[in-house]
>>> print(open('coords.cif').read())   # mmCIF, C-alpha atoms and all ligand atoms
data_query
loop_
_atom_site.label_atom_id
_atom_site.label_comp_id
_atom_site.auth_asym_id
_atom_site.auth_seq_id
_atom_site.Cartn_x
_atom_site.Cartn_y
_atom_site.Cartn_z
CA MET A 1 61.30 35.96 19.90
CA ASN A 2 58.00 36.85 18.32
CA GLY A 3 56.25 33.62 17.48
CA LYS A 4 53.37 32.98 15.15
CA THR A 5 50.06 31.72 16.51
CA ILE A 6 48.18 29.46 14.13
CA VAL A 7 44.75 28.00 14.80
CA ILE A 8 43.87 24.63 13.25
CA THR A 9 40.11 24.52 12.84
CA SER A 10 37.31 22.89 10.87
CA GLY A 11 33.84 23.39 12.28
CA LYS A 12 33.09 19.69 12.03
CA GLY A 13 34.65 17.20 14.43
CA GLY A 14 36.67 14.17 13.46
CA VAL A 15 38.18 15.57 10.28
CA GLY A 16 41.80 15.58 11.45
CA LYS A 17 42.48 18.79 13.39
CA SER A 18 44.30 17.09 16.26
CA THR A 19 46.18 14.77 13.92
CA ALA A 20 47.29 17.76 11.87
CA THR A 21 48.24 19.83 14.92
CA ALA A 22 50.37 17.05 16.44
CA ASN A 23 52.13 16.27 13.19
CA ILE A 24 52.65 19.78 11.89
CA GLY A 25 53.88 20.78 15.35
CA ALA A 26 56.29 17.84 15.45
CA ALA A 27 57.56 18.58 11.93
CA LEU A 28 58.11 22.27 12.72
CA ALA A 29 60.06 21.30 15.85
CA MET A 30 62.14 18.78 13.89
CA GLU A 31 63.07 21.70 11.62
CA GLY A 32 64.58 23.41 14.64
CA ASN A 33 61.72 25.67 15.71
CA ARG A 34 60.54 26.02 19.26
CA VAL A 35 56.95 24.85 19.08
CA ALA A 36 54.02 24.79 21.52
CA VAL A 37 50.95 22.80 20.58
CA ILE A 38 47.91 23.69 22.66
CA ASP A 39 44.85 21.53 23.16
CA MET A 40 41.92 23.97 23.23
CA ASP A 41 39.34 21.22 23.52
CA ILE A 42 38.69 21.66 27.24
CA GLY A 43 36.83 18.72 28.72
CA LEU A 44 37.76 16.38 25.87
CA ARG A 45 41.50 16.34 25.62
CA ASN A 46 43.15 14.46 22.78
CA LEU A 47 46.39 15.96 21.72
CA ASP A 48 48.24 14.44 24.69
CA VAL A 49 47.40 10.94 23.45
CA LEU A 50 48.48 11.66 19.88
CA LEU A 51 51.88 12.72 21.22
CA GLY A 52 52.12 9.89 23.78
CA LEU A 53 52.26 12.35 26.67
CA GLU A 54 49.05 11.41 28.46
CA ASN A 55 50.87 10.17 31.56
CA ARG A 56 52.84 13.32 32.13
CA ILE A 57 50.08 15.84 32.66
CA VAL A 58 50.25 17.81 35.87
CA TYR A 59 49.07 21.30 34.91
CA THR A 60 46.83 22.32 32.03
CA ILE A 61 46.00 25.27 29.83
CA VAL A 62 43.37 26.31 32.36
CA ASP A 63 45.97 26.48 35.13
CA ALA A 64 48.37 28.41 32.93
CA ALA A 65 45.76 30.84 31.62
CA LYS A 66 44.36 31.52 35.09
CA GLY A 67 47.83 32.03 36.56
CA ARG A 68 47.62 28.99 38.83
CA CYS A 69 50.96 27.75 37.52
CA LYS A 70 53.85 29.05 35.46
CA ILE A 71 53.70 28.50 31.71
CA LYS A 72 56.85 26.39 32.03
CA GLN A 73 55.04 24.03 34.39
CA ALA A 74 52.11 23.49 32.01
CA ALA A 75 54.24 22.99 28.89
CA ILE A 76 55.18 19.31 28.71
CA LYS A 77 58.34 18.56 26.80
CA ASP A 78 58.02 15.88 24.14
CA LYS A 79 59.78 12.61 24.84
CA LYS A 80 61.74 12.41 21.62
CA ILE A 81 61.43 15.66 19.72
CA ASP A 82 63.47 18.53 21.09
CA ASN A 83 61.76 21.91 21.14
CA LEU A 84 58.26 20.43 20.99
CA PHE A 85 55.99 21.24 23.94
CA LEU A 86 52.38 20.33 24.66
CA ILE A 87 50.06 22.44 26.75
CA PRO A 88 47.24 20.01 27.47
CA ALA A 89 43.55 20.73 27.91
CA SER A 90 42.05 20.06 31.29
CA GLN A 91 39.69 17.15 31.48
CA SER A 92 37.63 18.21 34.49
CA ASP A 93 36.74 21.81 33.69
CA ASN A 94 33.72 23.10 31.86
CA LYS A 95 34.46 23.85 28.23
CA ASP A 96 33.71 27.54 28.72
CA VAL A 97 35.95 28.22 31.76
CA LEU A 98 38.43 30.36 29.88
CA THR A 99 37.74 33.91 28.81
CA THR A 100 38.96 35.30 25.52
CA GLU A 101 41.20 37.65 27.44
CA GLU A 102 42.83 34.85 29.42
CA ILE A 103 43.65 32.99 26.21
CA THR A 104 44.92 35.99 24.27
CA ASN A 105 47.09 37.03 27.21
CA LEU A 106 48.53 33.54 27.52
CA CYS A 107 49.32 33.43 23.80
CA GLU A 108 50.96 36.85 24.04
CA LYS A 109 53.35 35.42 26.64
CA LEU A 110 53.90 32.24 24.62
CA ARG A 111 54.89 34.27 21.59
CA LYS A 112 57.98 35.41 23.46
CA GLU A 113 59.04 31.84 24.19
CA PHE A 114 58.13 30.00 20.99
CA ASP A 115 58.49 30.34 17.22
CA PHE A 116 55.17 28.61 16.57
CA ILE A 117 52.11 28.23 18.74
CA LEU A 118 49.56 25.83 17.23
CA LEU A 119 46.05 25.91 18.65
CA ASP A 120 44.10 22.68 18.22
CA CYS A 121 40.59 24.08 18.04
CA PRO A 122 37.56 22.23 19.40
CA ALA A 123 34.77 21.32 16.96
CA GLY A 124 31.89 23.76 16.64
CA ILE A 125 31.83 27.53 16.46
CA GLU A 126 31.12 28.38 20.09
CA LYS A 127 33.32 29.83 22.81
CA GLY A 128 36.24 27.41 22.43
CA PHE A 129 36.41 28.24 18.73
CA GLN A 130 35.98 31.97 19.32
CA ASN A 131 38.75 31.97 21.94
CA SER A 132 41.15 30.07 19.72
CA VAL A 133 40.52 32.35 16.77
CA ALA A 134 40.83 35.51 18.86
CA ALA A 135 44.33 34.47 19.92
CA ALA A 136 45.49 33.47 16.42
CA ASP A 137 47.38 35.38 13.73
CA GLU A 138 46.78 32.77 11.06
CA ALA A 139 44.43 29.89 10.46
CA VAL A 140 44.51 26.50 8.78
CA VAL A 141 41.09 25.07 7.96
CA ILE A 142 40.85 21.30 7.63
CA CYS A 143 38.09 19.51 5.79
CA THR A 144 37.47 16.12 4.29
CA PRO A 145 36.00 15.69 0.79
CA GLU A 146 32.47 15.23 2.10
CA VAL A 147 29.40 17.42 1.88
CA SER A 148 28.91 18.10 5.60
CA SER A 149 32.59 18.77 6.23
CA VAL A 150 32.93 21.19 3.31
CA ARG A 151 29.77 22.99 4.34
CA ASP A 152 31.08 23.45 7.90
CA ALA A 153 34.43 24.56 6.53
CA ASP A 154 32.66 27.22 4.50
CA ARG A 155 30.95 28.52 7.61
CA VAL A 156 34.21 28.64 9.56
CA ILE A 157 36.02 30.35 6.68
CA GLY A 158 33.31 33.03 6.69
CA LEU A 159 33.80 33.57 10.44
CA LEU A 160 37.57 33.80 10.00
CA TYR A 161 37.22 36.36 7.21
CA ALA A 162 34.98 38.38 9.51
CA ARG A 163 37.99 38.57 11.84
CA SER A 164 40.32 39.57 9.01
CA ILE A 165 42.09 36.21 8.91
CA THR A 166 42.56 34.65 5.48
CA PRO A 167 42.77 30.93 6.17
CA LYS A 168 44.59 28.25 4.20
CA LEU A 169 42.94 24.94 3.41
CA VAL A 170 43.96 21.33 4.03
CA VAL A 171 41.89 18.60 2.44
CA ASN A 172 42.39 15.48 4.54
CA ARG A 173 41.43 11.82 4.13
CA ILE A 174 41.53 11.84 0.35
CA VAL A 175 41.01 8.39 -1.16
CA PRO A 176 42.51 8.69 -4.66
CA GLU A 177 40.72 5.55 -5.90
CA MET A 178 37.37 7.06 -5.04
CA VAL A 179 38.26 10.43 -6.54
CA GLU A 180 39.34 8.64 -9.71
CA ARG A 181 36.03 6.84 -10.15
CA GLY A 182 34.01 9.94 -9.35
CA ASP A 183 32.76 8.87 -5.94
CA MET A 184 34.64 11.47 -3.91
CA LEU A 185 34.95 15.22 -4.37
CA SER A 186 38.36 16.03 -5.80
CA HIS A 187 40.48 18.71 -4.17
CA GLU A 188 39.70 20.90 -7.20
CA ASP A 189 35.98 20.57 -6.46
CA VAL A 190 36.55 21.52 -2.84
CA VAL A 191 38.72 24.51 -3.72
CA ASP A 192 36.20 25.54 -6.33
CA ILE A 193 33.43 25.57 -3.73
CA LEU A 194 35.37 27.18 -0.90
CA SER A 195 37.50 29.51 -3.04
CA ILE A 196 40.49 29.72 -0.71
CA ASP A 197 44.14 28.76 -1.17
CA LEU A 198 45.36 25.26 -0.41
CA ILE A 199 48.23 24.52 1.93
CA GLY A 200 48.12 20.74 1.69
CA LEU A 201 46.41 17.55 0.51
CA VAL A 202 46.57 14.57 2.84
CA PRO A 203 45.59 11.07 1.72
CA MET A 204 43.69 8.55 3.78
CA ASP A 205 46.43 6.48 5.35
CA GLU A 206 46.33 3.50 7.70
CA GLN A 207 49.57 4.74 9.20
CA VAL A 208 47.62 7.55 10.87
CA VAL A 209 45.72 5.04 12.98
CA ILE A 210 48.87 3.07 13.74
CA SER A 211 50.62 6.22 14.87
CA THR A 212 47.76 7.08 17.22
CA ASN A 213 48.07 3.58 18.68
CA THR A 214 51.69 4.14 19.53
CA GLY A 215 51.54 7.84 20.35
CA VAL A 216 54.36 8.70 17.99
CA PRO A 217 53.63 11.38 15.38
CA LEU A 218 53.62 10.15 11.82
CA VAL A 219 56.01 12.80 10.56
CA THR A 220 58.83 11.07 12.43
CA GLN A 221 58.49 8.15 10.01
CA LYS A 222 59.91 8.16 6.52
CA ASP A 223 57.55 5.99 4.52
CA SER A 224 54.06 7.28 5.21
CA LYS A 225 52.08 9.16 2.58
CA ALA A 226 50.06 11.15 5.10
CA GLY A 227 53.17 11.87 7.15
CA GLU A 228 54.95 13.19 4.09
CA ALA A 229 51.98 15.40 3.20
CA LEU A 230 51.78 16.77 6.76
CA ARG A 231 55.52 17.41 6.83
CA ARG A 232 55.22 19.41 3.63
CA ILE A 233 52.46 21.52 5.20
CA ALA A 234 54.88 22.33 8.02
CA TYR A 235 57.53 23.37 5.49
CA ARG A 236 55.03 25.66 3.80
CA LEU A 237 54.24 27.31 7.13
CA ASN A 238 57.92 27.53 7.87
CA GLY A 239 59.09 29.86 5.13
CA GLN A 240 58.55 27.71 2.03
CA PRO A 241 55.07 28.83 0.98
CA ASP A 242 55.65 27.87 -2.65
CA LEU A 243 56.62 24.25 -2.07
CA PRO A 244 54.49 22.38 -4.66
CA ILE A 245 51.39 20.62 -3.36
CA GLU A 246 51.40 16.95 -4.27
CA VAL A 247 48.07 15.45 -5.26
CA PRO A 248 47.50 11.99 -3.76
CA THR A 249 47.33 9.50 -6.61
CA VAL A 250 46.29 5.91 -7.06
CA LYS A 251 49.17 3.62 -6.31
CA LYS A 252 50.04 1.27 -9.11
CA SER A 253 50.80 -1.75 -6.95
CA PHE A 254 47.80 -4.06 -6.87
CA TRP A 255 48.09 -4.97 -3.21
CA LYS A 256 48.53 -1.48 -1.94
CA THR A 257 45.52 -0.31 -3.90
CA LYS A 258 43.45 -3.07 -2.47
CA ILE A 259 44.43 -2.37 1.13
CA ASN A 260 43.83 1.32 0.73
CA PHE A 261 40.49 0.78 -0.87
CA ARG A 262 39.22 -1.40 1.94
CA PHE A 263 40.40 1.12 4.47
CA GLY A 264 38.74 3.92 2.59
CA GLY A 265 35.45 2.10 2.44
CA LYS A 266 35.20 1.48 6.17
CA LYS A 267 35.09 5.01 7.62
CA MET H 268 10.08 17.34 -3.08
CA LEU H 269 9.99 14.75 -5.82
CA ASN H 270 10.54 16.92 -8.84
CA GLY H 271 12.62 19.33 -6.85
CA PHE H 272 14.38 22.31 -8.27
CA ILE H 273 17.80 20.94 -7.38
CA ASP H 274 17.03 17.48 -8.71
CA LYS H 275 16.28 18.96 -12.11
CA LEU H 276 19.56 20.78 -12.19
CA ILE H 277 21.60 17.88 -10.91
CA GLY H 278 20.41 15.26 -13.33
CA LYS H 279 22.03 11.84 -13.32
CA ASN H 280 25.70 12.00 -12.54
CA LYS H 281 28.63 10.56 -10.68
CA SER H 282 28.04 10.73 -6.94
CA LYS H 283 30.69 13.39 -6.52
CA ASP H 284 28.93 15.61 -9.05
CA ILE H 285 25.77 15.23 -7.04
CA ALA H 286 27.75 16.09 -3.90
CA LYS H 287 29.18 19.18 -5.54
CA LYS H 288 25.85 20.49 -6.79
CA ARG H 289 24.20 19.81 -3.45
CA LEU H 290 26.98 21.65 -1.68
CA GLN H 291 26.81 24.62 -3.99
CA PHE H 292 23.09 24.93 -3.37
CA ALA H 293 23.36 24.25 0.35
CA LEU H 294 25.85 27.09 0.71
CA ILE H 295 23.59 29.44 -1.21
CA TYR H 296 20.62 28.50 0.93
CA ASP H 297 22.71 28.86 4.10
CA LYS H 298 23.98 32.26 3.10
CA LEU H 299 20.91 33.84 1.54
CA ASP H 300 18.45 32.09 3.78
CA ILE H 301 16.17 31.12 0.93
CA SER H 302 14.57 27.78 0.24
CA GLU H 303 14.39 25.57 -2.79
CA GLU H 304 10.70 26.44 -3.03
CA ILE H 305 11.39 30.16 -3.22
CA LEU H 306 13.90 29.62 -6.00
CA GLY H 307 11.34 27.53 -7.85
CA ASN H 308 8.73 30.28 -7.48
CA LEU H 309 11.21 32.88 -8.64
CA GLN H 310 11.90 30.80 -11.73
CA GLN H 311 8.15 30.57 -12.46
CA ASP H 312 7.72 34.32 -12.03
CA ILE H 313 10.67 35.08 -14.28
CA ILE H 314 9.27 32.80 -16.97
CA GLU H 315 5.95 34.58 -16.70
CA VAL H 316 7.42 38.06 -16.97
CA VAL H 317 9.82 37.24 -19.77
CA SER H 318 7.03 35.49 -21.67
CA ARG H 319 5.14 38.78 -21.90
CA TYR H 320 7.93 40.11 -24.06
CA PHE H 321 9.47 37.09 -25.72
CA ILE H 322 8.41 33.69 -26.81
CA ILE H 323 10.89 31.49 -24.99
CA ASP H 324 11.54 27.81 -24.60
CA LYS H 325 10.24 27.62 -21.03
CA LYS H 326 11.84 24.27 -20.38
CA SER H 327 15.37 25.40 -21.17
CA LEU H 328 15.29 28.49 -18.98
CA THR H 329 17.87 28.04 -16.26
CA LEU H 330 18.28 29.97 -13.07
CA ASP H 331 21.57 29.89 -11.27
CA ILE H 332 23.13 31.65 -8.32
CA GLN H 333 26.83 32.21 -8.71
CA ARG H 334 28.47 32.65 -5.39
CA GLU H 335 31.68 34.49 -4.61
CA ARG H 336 33.07 35.30 -1.15
CA ASN H 337 31.67 38.81 -1.20
CA PHE H 338 28.58 38.63 -3.38
CA SER H 339 26.10 36.33 -5.03
CA ALA H 340 24.84 36.86 -8.58
CA LEU H 341 21.55 35.67 -9.96
CA VAL H 342 22.06 34.40 -13.49
CA VAL H 343 19.06 33.68 -15.68
CA ASN H 344 19.67 32.08 -19.01
CA THR H 345 17.05 31.50 -21.65
CA PRO H 346 17.00 30.97 -25.39
CA ILE H 347 14.65 33.47 -27.07
CA ILE H 348 12.55 32.13 -29.92
CA LYS H 349 11.09 35.46 -30.98
CA ALA H 350 9.65 38.66 -29.64
CA VAL H 351 5.98 38.87 -28.76
CA ARG H 352 4.30 41.33 -31.14
CA ARG H 353 2.59 44.12 -29.33
CA GLU H 354 1.47 47.65 -29.99
CA VAL H 355 4.02 50.41 -29.47
CA GLY H 356 3.59 52.31 -26.22
CA LYS H 357 1.29 49.76 -24.68
CA LYS H 358 2.43 47.84 -21.64
CA ALA H 359 2.74 44.13 -22.26
CA THR H 360 0.37 41.76 -20.50
CA ALA H 361 0.66 38.06 -20.12
N1 LIG A 401 44.72 11.12 6.75
C1 LIG A 401 44.09 10.25 7.57
N2 LIG A 401 44.02 8.94 7.25
C2 LIG A 401 43.39 8.07 8.07
N3 LIG A 401 42.80 8.41 9.21
C3 LIG A 401 42.82 9.70 9.59
C4 LIG A 401 43.46 10.69 8.79
N4 LIG A 401 43.32 11.87 9.42
C5 LIG A 401 42.63 11.65 10.55
N5 LIG A 401 42.32 10.34 10.67
C6 LIG A 401 41.57 9.69 11.76
O1 LIG A 401 40.33 10.38 11.88
C7 LIG A 401 39.95 10.47 13.23
C8 LIG A 401 39.71 11.90 13.62
O2 LIG A 401 40.92 12.61 13.60
P1 LIG A 401 41.24 13.77 14.63
O3 LIG A 401 42.57 14.33 14.29
O4 LIG A 401 41.03 13.31 16.04
O5 LIG A 401 40.09 14.80 14.24
P2 LIG A 401 39.56 16.11 14.99
O6 LIG A 401 40.65 16.59 15.89
O7 LIG A 401 39.26 17.05 13.89
O8 LIG A 401 38.34 15.71 15.73
C9 LIG A 401 41.04 9.82 14.05
O9 LIG A 401 40.65 8.51 14.34
C10 LIG A 401 42.23 9.81 13.12
O10 LIG A 401 43.10 8.76 13.37
MG MG A 402 40.49 16.97 18.04
#
>>> encode(input="coords.cif", output="structure tokens")
Amino acid sequence: MNGKTIVITSGKGGVGKSTATANIGAALAMEGNRVAVIDMDIGLRNLDVLLGLENRIVYTIVDAAKGRCKIKQAAIKDKKIDNLFLIPASQSDNKDVLTTEEITNLCEKLRKEFDFILLDCPAGIEKGFQNSVAAADEAVVICTPEVSSVRDADRVIGLLYARSITPKLVVNRIVPEMVERGDMLSHEDVVDILSIDLIGLVPMDEQVVISTNTGVPLVTQKDSKAGEALRRIAYRLNGQPDLPIEVPTVKKSFWKTKINFRFGGKK
Amino acid sequence: MLNGFIDKLIGKNKSKDIAKKRLQFALIYDKLDISEEILGNLQQDIIEVVSRYFIIDKKSLTLDIQRERNFSALVVNTPIIKAVRREVGKKATA
């Protein structure tokens, strides 16, 4: 096996990296791939909660990378989805404990065991980011349609180019009602500014919050807009690069529009 | 800056248009490490130099930086009303 390592990054925090990693990882595994999702946010782990695996952590990425345990021991098998494994971050270590070499070596080994290795990058552009990028073959940059997020995305894209990685873009938390009335950057605006290729457009969706409450990835559900969008990103990464990108639109139903609008306004 | 350089270019628009213009300028400033003030000065200097040769509508001169991944281009656009008459061979002065 010679798996692909993909870093999910953004510069800014809170834009949906972990949500995307958990869901894209789950969707890839549901397609029959062997998938490892790795929480690179050492000291502030998150991905375990999104997958409902927070009570099963014994070993962490730090243990695995430093050879204190076998990779098999650190990779927690998902409860429901076959072939999905989480390597959690450690909560007690300093965020800079791992060297670039330790991470790249670990990912080299993982490549032999998995089809996809998704690295959930910490916010910022310091060591944790540098380590994640050094180990990655490909990158997905996530941003929201807001000035600070797009600006940070631009910075990160520049850093990825400097390492000869051409990233793909996900615009997350799109509120179609706001785009329609001109109060939110459209995905065209964002692409225009960042000039990179899109790999997905994800709407703002209450279901995302509900799924984090329960610890079950959204892509396992049928009727969620964000889940559907994330699933389609997974398909694009998994050999269907030309699958059309659906643009989130305003729902016609009065009630749905109203609910979505209120949700969008809260932030 | 009240009558800032950006403000003039942005005008009154939908909030997302303001966001877009601000972003475009922010990225230019980030990348080239220049300030709004410097761009304003540059615009003044260009007006001054061009005015030695042409009578232009100073208010409609626009200065824009077009940004690609690998390069940035300075684009100056101005309607020319007519050439300034001057003696052949003599350097123009303002
Ligand atoms: N499409 C979406 N719709 C609604 N909420 C979202 C969406 N994407 C992310 N969120 C919420 O935004 C917050 C930040 O997401 P997270 O994935 O933790 O970001 P990051 O890992 O980039 O810090 C979380 O509360 C998450 O539930
Ligand atoms: Mg996160």
>>> residues_near_ligand(input="coords.cif", ligand="ligand MG 402 (chain A)", cutoff="7 Å", atoms="all atoms listed in the file", output="VMD selection string")
chain A and resid 13 to 14 16 to 18 46 120 122
>>> residues_near_ligand(input="coords.cif", ligand="ligand LIG 401 (chain A)", cutoff="8 Å", atoms="all atoms listed in the file", output="PyMOL selection string")
chain A and resi 9-10+12-21+46+120-123+142+172-174+202-209+212+226
>>> closest_residue(input="coords.cif", among="A:Val250, A:Leu198, A:Arg231, A:Glu180", to="H:Lys281", atoms="only C-alpha atoms")
A:Glu180
>>> interface_residues(input="coords.cif", of="chain H", to="chain A", cutoff="10 Å", atoms="all atoms listed in the file", output="list in words")
Asn280, Lys281, Ser282, Lys283, Asp284, Ile285, Ala286, Lys287, Lys288, Arg289, Leu290, Gln291, Ala293, Leu294, Asp297, Lys298, Arg334, Glu335, Arg336 and Asn337 of chain H
>>> closest_residue(input="coords.cif", among="A:Val191, A:Ile6, A:Ala64, A:Leu159", to="A:Gly124", atoms="only C-alpha atoms")
A:Leu159
>>> atom_distance(input="coords.cif", atom1="atom CA of A:Cys143", atom2="atom CA of A:Leu84")
25.3 Å
>>> decode(input="coords.cif", residues="stretch 159-168 of chain A", atoms="all heavy atoms", output="mmCIF file, in the first residue's frame")
data_model
loop_
_atom_site.group_PDB
_atom_site.id
_atom_site.type_symbol
_atom_site.label_atom_id
_atom_site.label_comp_id
_atom_site.auth_asym_id
_atom_site.auth_seq_id
_atom_site.Cartn_x
_atom_site.Cartn_y
_atom_site.Cartn_z
ATOM 1 N N LEU A 159 2.515 29.757 1.724
ATOM 2 C CA LEU A 159 3.490 28.880 2.381
ATOM 3 C C LEU A 159 3.481 27.482 1.765
ATOM 4 O O LEU A 159 4.517 26.833 1.643
ATOM 5 C CB LEU A 159 3.204 28.800 3.886
ATOM 6 C CG LEU A 159 3.404 30.110 4.665
ATOM 7 C CD1 LEU A 159 2.851 29.987 6.086
ATOM 8 C CD2 LEU A 159 4.879 30.495 4.697
ATOM 9 N N LEU A 160 2.288 27.019 1.368
ATOM 10 C CA LEU A 160 2.194 25.698 0.742
ATOM 11 C C LEU A 160 2.863 25.708 -0.631
ATOM 12 O O LEU A 160 3.605 24.785 -0.981
ATOM 13 C CB LEU A 160 0.730 25.266 0.623
ATOM 14 C CG LEU A 160 0.063 24.885 1.956
ATOM 15 C CD1 LEU A 160 -1.447 24.853 1.822
ATOM 16 C CD2 LEU A 160 0.586 23.534 2.439
ATOM 17 N N TYR A 161 2.607 26.767 -1.401
ATOM 18 C CA TYR A 161 3.271 26.892 -2.708
ATOM 19 C C TYR A 161 4.778 26.859 -2.550
ATOM 20 O O TYR A 161 5.486 26.247 -3.353
ATOM 21 C CB TYR A 161 2.860 28.195 -3.402
ATOM 22 C CG TYR A 161 1.631 28.063 -4.250
ATOM 23 C CD1 TYR A 161 0.449 28.731 -3.935
ATOM 24 C CD2 TYR A 161 1.644 27.262 -5.402
ATOM 25 C CE1 TYR A 161 -0.687 28.610 -4.715
ATOM 26 C CE2 TYR A 161 0.513 27.131 -6.191
ATOM 27 C CZ TYR A 161 -0.651 27.811 -5.845
ATOM 28 O OH TYR A 161 -1.766 27.680 -6.611
ATOM 29 N N ALA A 162 5.261 27.532 -1.497
ATOM 30 C CA ALA A 162 6.705 27.568 -1.268
ATOM 31 C C ALA A 162 7.256 26.168 -1.044
ATOM 32 O O ALA A 162 8.443 25.913 -1.225
ATOM 33 C CB ALA A 162 7.023 28.469 -0.080
ATOM 34 N N ARG A 163 6.394 25.230 -0.643
ATOM 35 C CA ARG A 163 6.816 23.840 -0.467
ATOM 36 C C ARG A 163 6.349 22.964 -1.620
ATOM 37 O O ARG A 163 6.221 21.748 -1.491
ATOM 38 C CB ARG A 163 6.250 23.292 0.841
ATOM 39 C CG ARG A 163 6.905 23.911 2.058
ATOM 40 C CD ARG A 163 6.196 23.421 3.296
ATOM 41 N NE ARG A 163 6.875 23.827 4.512
ATOM 42 C CZ ARG A 163 7.777 23.079 5.146
ATOM 43 N NH1 ARG A 163 8.104 21.887 4.683
ATOM 44 N NH2 ARG A 163 8.332 23.521 6.247
ATOM 45 N N SER A 164 6.049 23.605 -2.734
ATOM 46 C CA SER A 164 5.640 22.901 -3.959
ATOM 47 C C SER A 164 4.373 22.078 -3.790
ATOM 48 O O SER A 164 4.212 21.050 -4.435
ATOM 49 C CB SER A 164 6.756 21.991 -4.481
ATOM 50 O OG SER A 164 7.945 22.699 -4.551
ATOM 51 N N ILE A 165 3.487 22.495 -2.901
ATOM 52 C CA ILE A 165 2.181 21.851 -2.801
ATOM 53 C C ILE A 165 1.146 22.822 -3.361
ATOM 54 O O ILE A 165 1.105 23.985 -2.972
ATOM 55 C CB ILE A 165 1.833 21.503 -1.342
ATOM 56 C CG1 ILE A 165 2.821 20.469 -0.791
ATOM 57 C CG2 ILE A 165 0.397 20.983 -1.236
ATOM 58 C CD1 ILE A 165 2.588 20.105 0.665
ATOM 59 N N THR A 166 0.336 22.349 -4.306
ATOM 60 C CA THR A 166 -0.745 23.172 -4.834
ATOM 61 C C THR A 166 -2.023 22.777 -4.120
ATOM 62 O O THR A 166 -2.570 21.710 -4.367
ATOM 63 C CB THR A 166 -0.909 22.953 -6.352
ATOM 64 O OG1 THR A 166 0.345 23.232 -6.977
ATOM 65 C CG2 THR A 166 -1.968 23.886 -6.928
ATOM 66 N N PRO A 167 -2.481 23.604 -3.185
ATOM 67 C CA PRO A 167 -3.639 23.201 -2.380
ATOM 68 C C PRO A 167 -4.958 23.361 -3.123
ATOM 69 O O PRO A 167 -5.047 24.074 -4.122
ATOM 70 C CB PRO A 167 -3.580 24.162 -1.190
ATOM 71 C CG PRO A 167 -2.879 25.370 -1.706
ATOM 72 C CD PRO A 167 -1.967 24.930 -2.808
ATOM 73 N N LYS A 168 -5.975 22.677 -2.588
ATOM 74 C CA LYS A 168 -7.341 22.844 -3.076
ATOM 75 C C LYS A 168 -8.135 23.542 -1.977
ATOM 76 O O LYS A 168 -7.848 23.378 -0.791
ATOM 77 C CB LYS A 168 -7.954 21.467 -3.355
ATOM 78 C CG LYS A 168 -7.275 20.729 -4.507
ATOM 79 C CD LYS A 168 -8.005 21.011 -5.792
ATOM 80 C CE LYS A 168 -7.257 20.631 -7.050
ATOM 81 N NZ LYS A 168 -6.882 19.246 -7.136
#
